[in-house]
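query36.tsv follows (TSV, C-alpha atoms):
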```tsv
chain	number	residue	atom	x	y	z
A	1	MET	CA	35.39	-36.73	-31.66
A	2	LYS	CA	36.86	-33.19	-31.50
A	3	VAL	CA	33.65	-31.77	-32.96
A	4	LEU	CA	31.57	-33.65	-30.37
A	5	LEU	CA	33.74	-32.41	-27.48
A	6	LYS	CA	33.72	-28.90	-28.87
A	7	GLY	CA	29.91	-29.03	-29.19
A	8	MET	CA	29.56	-30.31	-25.63
A	9	PHE	CA	31.90	-27.60	-24.35
A	10	VAL	CA	29.95	-24.86	-26.16
A	11	GLY	CA	26.68	-26.34	-24.88
A	12	LEU	CA	27.92	-26.42	-21.29
A	13	PHE	CA	29.27	-22.89	-21.61
A	14	VAL	CA	25.92	-21.60	-22.89
A	15	LEU	CA	24.11	-23.49	-20.12
A	16	ALA	CA	26.43	-22.08	-17.45
A	17	LEU	CA	26.13	-18.58	-18.87
A	18	THR	CA	22.34	-18.81	-18.96
A	19	ALA	CA	22.21	-20.09	-15.38
A	20	GLY	CA	24.55	-17.32	-14.26
A	21	CYS	CA	22.44	-14.66	-15.93
A	22	ALA	CA	19.31	-16.05	-14.35
A	23	SER	CA	20.78	-15.79	-10.87
A	24	VAL	CA	22.64	-12.49	-11.24
A	25	GLY	CA	20.25	-9.60	-10.73
A	26	SER	CA	17.29	-11.89	-10.21
A	27	LYS	CA	16.13	-9.87	-7.20
A	28	VAL	CA	13.15	-7.91	-8.38
A	29	SER	CA	12.87	-4.37	-6.99
A	30	ASP	CA	9.94	-3.25	-4.86
A	31	GLN	CA	9.13	-0.70	-7.58
A	32	ASP	CA	8.82	-3.50	-10.16
A	33	LEU	CA	6.77	-5.66	-7.80
A	34	ILE	CA	4.37	-2.75	-7.20
A	35	LYS	CA	4.12	-2.13	-10.96
A	36	ASP	CA	3.24	-5.82	-11.37
A	37	LEU	CA	0.54	-5.47	-8.70
A	38	VAL	CA	-0.95	-2.43	-10.45
A	39	ASN	CA	-0.86	-4.23	-13.80
A	40	GLN	CA	-2.70	-7.20	-12.23
A	41	LEU	CA	-5.31	-4.75	-10.95
A	42	LYS	CA	-5.52	-3.07	-14.37
A	43	VAL	CA	-6.14	-6.36	-16.20
A	44	ALA	CA	-8.68	-7.52	-13.61
A	45	LEU	CA	-10.58	-4.20	-13.68
A	46	GLU	CA	-10.67	-4.03	-17.46
A	47	ASN	CA	-11.94	-7.64	-17.57
A	48	LYS	CA	-14.40	-7.08	-14.70
A	49	ASP	CA	-12.78	-10.01	-12.88
A	50	ILE	CA	-13.94	-9.55	-9.29
A	51	ASP	CA	-11.74	-12.33	-7.91
A	52	GLY	CA	-8.70	-10.98	-9.78
A	53	ILE	CA	-9.39	-7.52	-8.38
A	54	MET	CA	-9.76	-8.82	-4.85
A	55	ASN	CA	-6.51	-10.80	-5.10
A	56	THR	CA	-4.67	-7.47	-5.26
A	57	PHE	CA	-6.15	-6.32	-1.94
A	58	SER	CA	-4.71	-6.91	1.51
A	59	ASP	CA	-6.82	-8.73	4.08
A	60	ASP	CA	-6.19	-5.57	6.14
A	61	PHE	CA	-7.90	-3.36	3.52
A	62	TYR	CA	-10.22	-0.80	5.06
A	63	HIS	CA	-12.08	2.26	3.82
A	64	PRO	CA	-14.17	4.36	6.23
A	65	GLU	CA	-17.10	4.58	3.79
A	66	VAL	CA	-16.93	0.96	2.64
A	67	GLY	CA	-15.58	-1.18	5.46
A	68	GLY	CA	-13.21	-4.10	5.08
A	69	LYS	CA	-12.28	-6.35	2.20
A	70	GLU	CA	-15.51	-8.39	2.16
A	71	GLU	CA	-17.70	-5.28	2.20
A	72	GLY	CA	-15.49	-3.81	-0.51
A	73	LYS	CA	-16.00	-6.89	-2.66
A	74	GLU	CA	-19.78	-6.67	-2.28
A	75	MET	CA	-19.80	-2.98	-3.15
A	76	LEU	CA	-17.51	-3.53	-6.12
A	77	GLN	CA	-19.69	-6.38	-7.40
A	78	MET	CA	-22.76	-4.10	-7.21
A	79	ALA	CA	-20.88	-1.41	-9.15
A	80	LEU	CA	-19.85	-3.92	-11.83
A	81	ASP	CA	-23.42	-5.24	-12.05
A	82	ALA	CA	-24.74	-1.68	-12.39
A	83	GLY	CA	-22.44	-1.00	-15.37
A	84	TYR	CA	-19.99	1.37	-13.70
A	85	ALA	CA	-17.06	-0.43	-15.37
A	86	ASP	CA	-18.61	-0.77	-18.83
A	87	ASN	CA	-16.02	0.14	-21.46
A	88	GLY	CA	-13.63	0.71	-18.58
A	89	GLU	CA	-9.96	1.46	-19.04
A	90	VAL	CA	-7.14	1.91	-16.56
A	91	PHE	CA	-4.28	4.27	-17.38
A	92	VAL	CA	-1.02	3.94	-15.47
A	93	ASP	CA	1.45	5.75	-17.75
A	94	ASP	CA	1.79	8.73	-15.39
A	95	MET	CA	1.87	6.64	-12.21
A	96	GLU	CA	4.55	7.40	-9.64
A	97	ILE	CA	5.53	5.14	-6.76
A	98	GLU	CA	6.78	6.57	-3.48
A	99	LEU	CA	8.26	4.01	-1.09
A	100	LYS	CA	7.84	4.77	2.63
A	101	ASP	CA	10.04	3.68	5.54
A	102	ASP	CA	7.18	1.78	7.19
A	103	GLY	CA	6.89	-0.90	4.46
A	104	THR	CA	4.15	0.90	2.57
A	105	ALA	CA	4.13	2.88	-0.66
A	106	THR	CA	1.81	5.28	-2.42
A	107	VAL	CA	0.95	4.88	-6.08
A	108	TYR	CA	-0.51	7.89	-7.90
A	109	PRO	CA	-2.16	8.68	-10.23
A	110	ILE	CA	-4.04	5.70	-11.53
A	111	ASP	CA	-6.63	7.05	-13.93
A	112	LEU	CA	-9.89	5.14	-14.35
A	113	SER	CA	-12.30	5.79	-17.18
A	114	ALA	CA	-15.63	4.12	-18.00
A	115	ASP	CA	-19.03	5.02	-19.45
A	116	PRO	CA	-20.16	6.94	-16.32
A	117	GLY	CA	-17.01	9.12	-16.25
A	118	SER	CA	-13.44	9.17	-15.04
A	119	ILE	CA	-11.53	9.52	-11.80
A	120	SER	CA	-7.96	9.39	-10.56
A	121	ILE	CA	-7.10	7.30	-7.54
A	122	GLU	CA	-4.16	6.89	-5.22
A	123	LEU	CA	-3.32	3.50	-3.76
A	124	LEU	CA	-1.65	2.86	-0.44
A	125	VAL	CA	0.03	-0.51	-0.75
A	126	LYS	CA	1.93	-2.54	1.81
A	127	LYS	CA	4.48	-5.27	1.60
A	128	GLU	CA	3.15	-8.55	2.99
A	129	ALA	CA	4.49	-12.10	3.05
A	130	ALA	CA	2.60	-12.83	-0.19
A	131	GLY	CA	3.89	-9.64	-1.86
A	132	TRP	CA	2.58	-6.10	-2.23
A	133	ARG	CA	-1.15	-5.66	-1.63
A	134	ILE	CA	-3.59	-2.73	-1.64
A	135	LEU	CA	-4.31	-1.39	1.82
A	136	GLU	CA	-6.34	1.72	0.88
A	137	VAL	CA	-7.88	3.31	-2.20
A	138	ARG	CA	-8.05	7.09	-2.13
A	139	PRO	CA	-10.15	8.71	-4.88
A	140	ASP	CA	-9.28	12.29	-5.84
A	141	GLY	CA	-11.41	14.81	-4.02
A	142	MET	CA	-12.31	12.46	-1.17
```
Translate the structure of the given file into C-alpha coordinates.
Amino acid sequence: MKVLLKGMFVGLFVLALTAGCASVGSKVSDQDLIKDLVNQLKVALENKDIDGIMNTFSDDFYHPEVGGKEEGKEMLQMALDAGYADNGEVFVDDMEIELKDDGTATVYPIDLSADPGSISIELLVKKEAAGWRILEVRPDGM
(Lines of atoms letter the chains of each structure in order from A and count residues from 1; the text may use other names and numbers.)
(Lines give C-alpha, C1' and ligand atoms only; values in the text may rest on other atoms or scores of the structure.)
Protein backbone atom coordinates (compact mmCIF):
# COMPACT_ATOMS: atom_id res chain seq x y z
CA MET A 1 0.00 0.00 0.00
CA LYS A 2 2.86 2.40 0.86
CA VAL A 3 4.52 1.65 -2.46
CA LEU A 4 1.26 2.34 -4.32
CA LEU A 5 0.74 5.65 -2.50
CA LYS A 6 4.36 6.61 -3.03
CA GLY A 7 4.05 5.78 -6.75
CA MET A 8 0.85 7.82 -7.05
CA PHE A 9 2.48 10.75 -5.23
CA VAL A 10 5.53 10.65 -7.52
CA GLY A 11 3.25 10.38 -10.56
CA LEU A 12 1.16 13.36 -9.47
CA PHE A 13 4.29 15.36 -8.70
CA VAL A 14 5.73 14.65 -12.16
CA LEU A 15 2.38 15.52 -13.75
CA ALA A 16 2.13 18.78 -11.81
CA LEU A 17 5.73 19.66 -12.61
CA THR A 18 5.21 18.96 -16.31
CA ALA A 19 2.03 21.05 -16.38
CA GLY A 20 3.80 23.87 -14.57
CA CYS A 21 6.69 23.83 -17.01
CA ALA A 22 4.31 23.87 -19.94
CA SER A 23 2.58 26.99 -18.68
CA VAL A 24 5.61 28.87 -17.36
CA GLY A 25 7.35 30.68 -20.21
CA SER A 26 4.91 29.35 -22.78
CA LYS A 27 4.58 32.79 -24.37
CA VAL A 28 6.53 32.61 -27.59
CA SER A 29 8.47 35.76 -28.49
CA ASP A 30 7.78 37.74 -31.65
CA GLN A 31 11.35 36.96 -32.75
CA ASP A 32 10.65 33.21 -32.50
CA LEU A 33 7.30 33.56 -34.27
CA ILE A 34 8.99 35.43 -37.12
CA LYS A 35 11.71 32.77 -37.32
CA ASP A 36 8.95 30.15 -37.56
CA LEU A 37 7.34 32.14 -40.40
CA VAL A 38 10.64 32.33 -42.28
CA ASN A 39 11.23 28.61 -41.76
CA GLN A 40 7.75 27.88 -43.16
CA LEU A 41 8.64 30.00 -46.18
CA LYS A 42 12.01 28.23 -46.52
CA VAL A 43 10.44 24.75 -46.53
CA ALA A 44 7.70 25.80 -48.95
CA LEU A 45 10.17 27.45 -51.36
CA GLU A 46 12.56 24.52 -51.32
CA ASN A 47 9.63 22.15 -51.97
CA LYS A 48 8.10 24.44 -54.62
CA ASP A 49 4.86 24.39 -52.62
CA ILE A 50 2.94 27.37 -53.99
CA ASP A 51 0.13 27.13 -51.42
CA GLY A 52 2.65 26.83 -48.57
CA ILE A 53 4.48 29.88 -49.87
CA MET A 54 1.29 31.90 -50.18
CA ASN A 55 0.21 30.95 -46.64
CA THR A 56 3.14 33.02 -45.36
CA PHE A 57 1.90 36.16 -47.15
CA SER A 58 -0.49 38.76 -45.77
CA ASP A 59 -3.69 39.46 -47.67
CA ASP A 60 -2.36 43.05 -47.65
CA PHE A 61 0.79 42.03 -49.58
CA TYR A 62 1.65 44.46 -52.34
CA HIS A 63 4.62 45.02 -54.62
CA PRO A 64 4.62 47.90 -57.13
CA GLU A 65 5.95 45.71 -59.95
CA VAL A 66 3.79 42.68 -59.14
CA GLY A 67 0.55 43.85 -57.59
CA GLY A 68 -1.30 42.14 -54.76
CA LYS A 69 -1.25 38.65 -53.35
CA GLU A 70 -3.18 36.99 -56.21
CA GLU A 71 -0.97 38.57 -58.87
CA GLY A 72 2.06 37.55 -56.82
CA LYS A 73 0.85 33.96 -56.73
CA GLU A 74 0.40 33.90 -60.51
CA MET A 75 3.85 35.37 -61.09
CA LEU A 76 5.43 32.98 -58.62
CA GLN A 77 3.71 30.00 -60.25
CA MET A 78 5.08 31.08 -63.66
CA ALA A 79 8.58 31.36 -62.16
CA LEU A 80 8.31 27.88 -60.62
CA ASP A 81 7.02 26.46 -63.92
CA ALA A 82 9.91 28.11 -65.78
CA GLY A 83 12.47 26.43 -63.50
CA TYR A 84 13.62 29.48 -61.53
CA ALA A 85 13.49 27.47 -58.29
CA ASP A 86 15.14 24.30 -59.61
CA ASN A 87 17.71 23.08 -57.09
CA GLY A 88 16.68 26.03 -54.95
CA GLU A 89 17.94 26.58 -51.44
CA VAL A 90 17.10 29.19 -48.83
CA PHE A 91 19.77 30.30 -46.37
CA VAL A 92 18.70 32.05 -43.17
CA ASP A 93 21.76 31.63 -40.94
CA ASP A 94 22.75 35.30 -41.19
CA MET A 95 19.18 36.63 -40.91
CA GLU A 96 18.53 39.47 -38.49
CA ILE A 97 15.10 40.57 -37.28
CA GLU A 98 14.40 44.20 -36.42
CA LEU A 99 11.09 44.79 -34.65
CA LYS A 100 9.41 48.16 -35.34
CA ASP A 101 7.03 50.13 -33.12
CA ASP A 102 4.23 49.96 -35.70
CA GLY A 103 3.72 46.17 -35.43
CA THR A 104 6.00 45.35 -38.35
CA ALA A 105 9.50 43.94 -38.56
CA THR A 106 12.22 43.64 -41.16
CA VAL A 107 14.01 40.36 -41.78
CA TYR A 108 17.33 40.49 -43.63
CA PRO A 109 19.19 38.88 -45.29
CA ILE A 110 17.41 35.84 -46.60
CA ASP A 111 19.65 34.38 -49.28
CA LEU A 112 18.05 32.49 -52.17
CA SER A 113 20.01 30.30 -54.52
CA ALA A 114 18.83 28.23 -57.50
CA ASP A 115 20.06 27.16 -60.94
CA PRO A 116 19.58 30.63 -62.50
CA GLY A 117 21.60 32.38 -59.75
CA SER A 118 21.29 33.85 -56.29
CA ILE A 119 19.81 36.90 -54.60
CA SER A 120 19.34 38.27 -51.11
CA ILE A 121 15.96 39.57 -50.05
CA GLU A 122 14.55 41.56 -47.18
CA LEU A 123 11.07 40.85 -45.87
CA LEU A 124 8.75 43.34 -44.26
CA VAL A 125 6.44 41.34 -42.04
CA LYS A 126 3.49 42.43 -39.95
CA LYS A 127 1.72 40.99 -36.98
CA GLU A 128 -1.85 40.00 -37.81
CA ALA A 129 -4.56 38.14 -35.92
CA ALA A 130 -3.39 34.88 -37.53
CA GLY A 131 0.27 35.59 -36.71
CA TRP A 132 3.17 37.21 -38.56
CA ARG A 133 2.76 37.45 -42.34
CA ILE A 134 4.84 38.84 -45.22
CA LEU A 135 3.74 42.30 -46.29
CA GLU A 136 6.56 43.12 -48.75
CA VAL A 137 9.50 41.39 -50.40
CA ARG A 138 12.45 43.64 -51.18
CA PRO A 139 15.16 42.12 -53.40
CA ASP A 140 18.67 43.57 -53.08
CA GLY A 141 19.35 46.23 -55.67
CA MET A 142 15.68 47.00 -56.29
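Between Asp93 of chain A and the candidates A:Leu112, A:Leu80, A:Val66, A:Leu124, the tightest atom-to-atom separation, counting all atoms listed in the file, involves A:Leu112.
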Quiz item: So how far away is atom CA of Ser58 of chain A from atom CA of Ile134 of chain A, in Å?
Solution: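 Computed distance, atom CA of Ile134 of chain A to atom CA of Ser58 of chain A, equals 5.4 Å.
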Practice problem: Could you tell me which of A:Lys127, A:Lys100, A:Val137, A:Ala82 comes closest to Asp115 of chain A if we count all atoms listed in the file? | Solution: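 Nearest candidate to Asp115 of chain A out of A:Lys127, A:Lys100, A:Val137, A:Ala82: A:Ala82.
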Self-check item: atom CA of Glu65 of chain A to atom CA of Pro139 of chain A, distance in Å rounded to a single decimal
Solution: 11.9 Å
Practice problem: Give me the residues within 9 Å of segment 46-50 of chain A as a VMD selection string, counting all atoms listed in the file and dropping any in the same chain fewer than 5 places off. | Solution: chain A and resid 41 55 73 76 to 77 80 85 to 90
Generate the output file for the selected residues, C-alpha atoms, as a PDB file, in the coordinates of the input.
```pdb
ATOM      1  CA  LEU A  41      -5.310  -4.750 -10.950  1.00  0.00           C
ATOM      2  CA  ASN A  55      -6.510 -10.800  -5.100  1.00  0.00           C
ATOM      3  CA  LYS A  73     -16.000  -6.890  -2.660  1.00  0.00           C
ATOM      4  CA  LEU A  76     -17.510  -3.530  -6.120  1.00  0.00           C
ATOM      5  CA  GLN A  77     -19.690  -6.380  -7.400  1.00  0.00           C
ATOM      6  CA  LEU A  80     -19.850  -3.920 -11.830  1.00  0.00           C
ATOM      7  CA  ALA A  85     -17.060  -0.430 -15.370  1.00  0.00           C
ATOM      8  CA  ASP A  86     -18.610  -0.770 -18.830  1.00  0.00           C
ATOM      9  CA  ASN A  87     -16.020   0.140 -21.460  1.00  0.00           C
ATOM     10  CA  GLY A  88     -13.630   0.710 -18.580  1.00  0.00           C
ATOM     11  CA  GLU A  89      -9.960   1.460 -19.040  1.00  0.00           C
ATOM     12  CA  VAL A  90      -7.140   1.910 -16.560  1.00  0.00           C
TER      13      VAL A  90
END
```
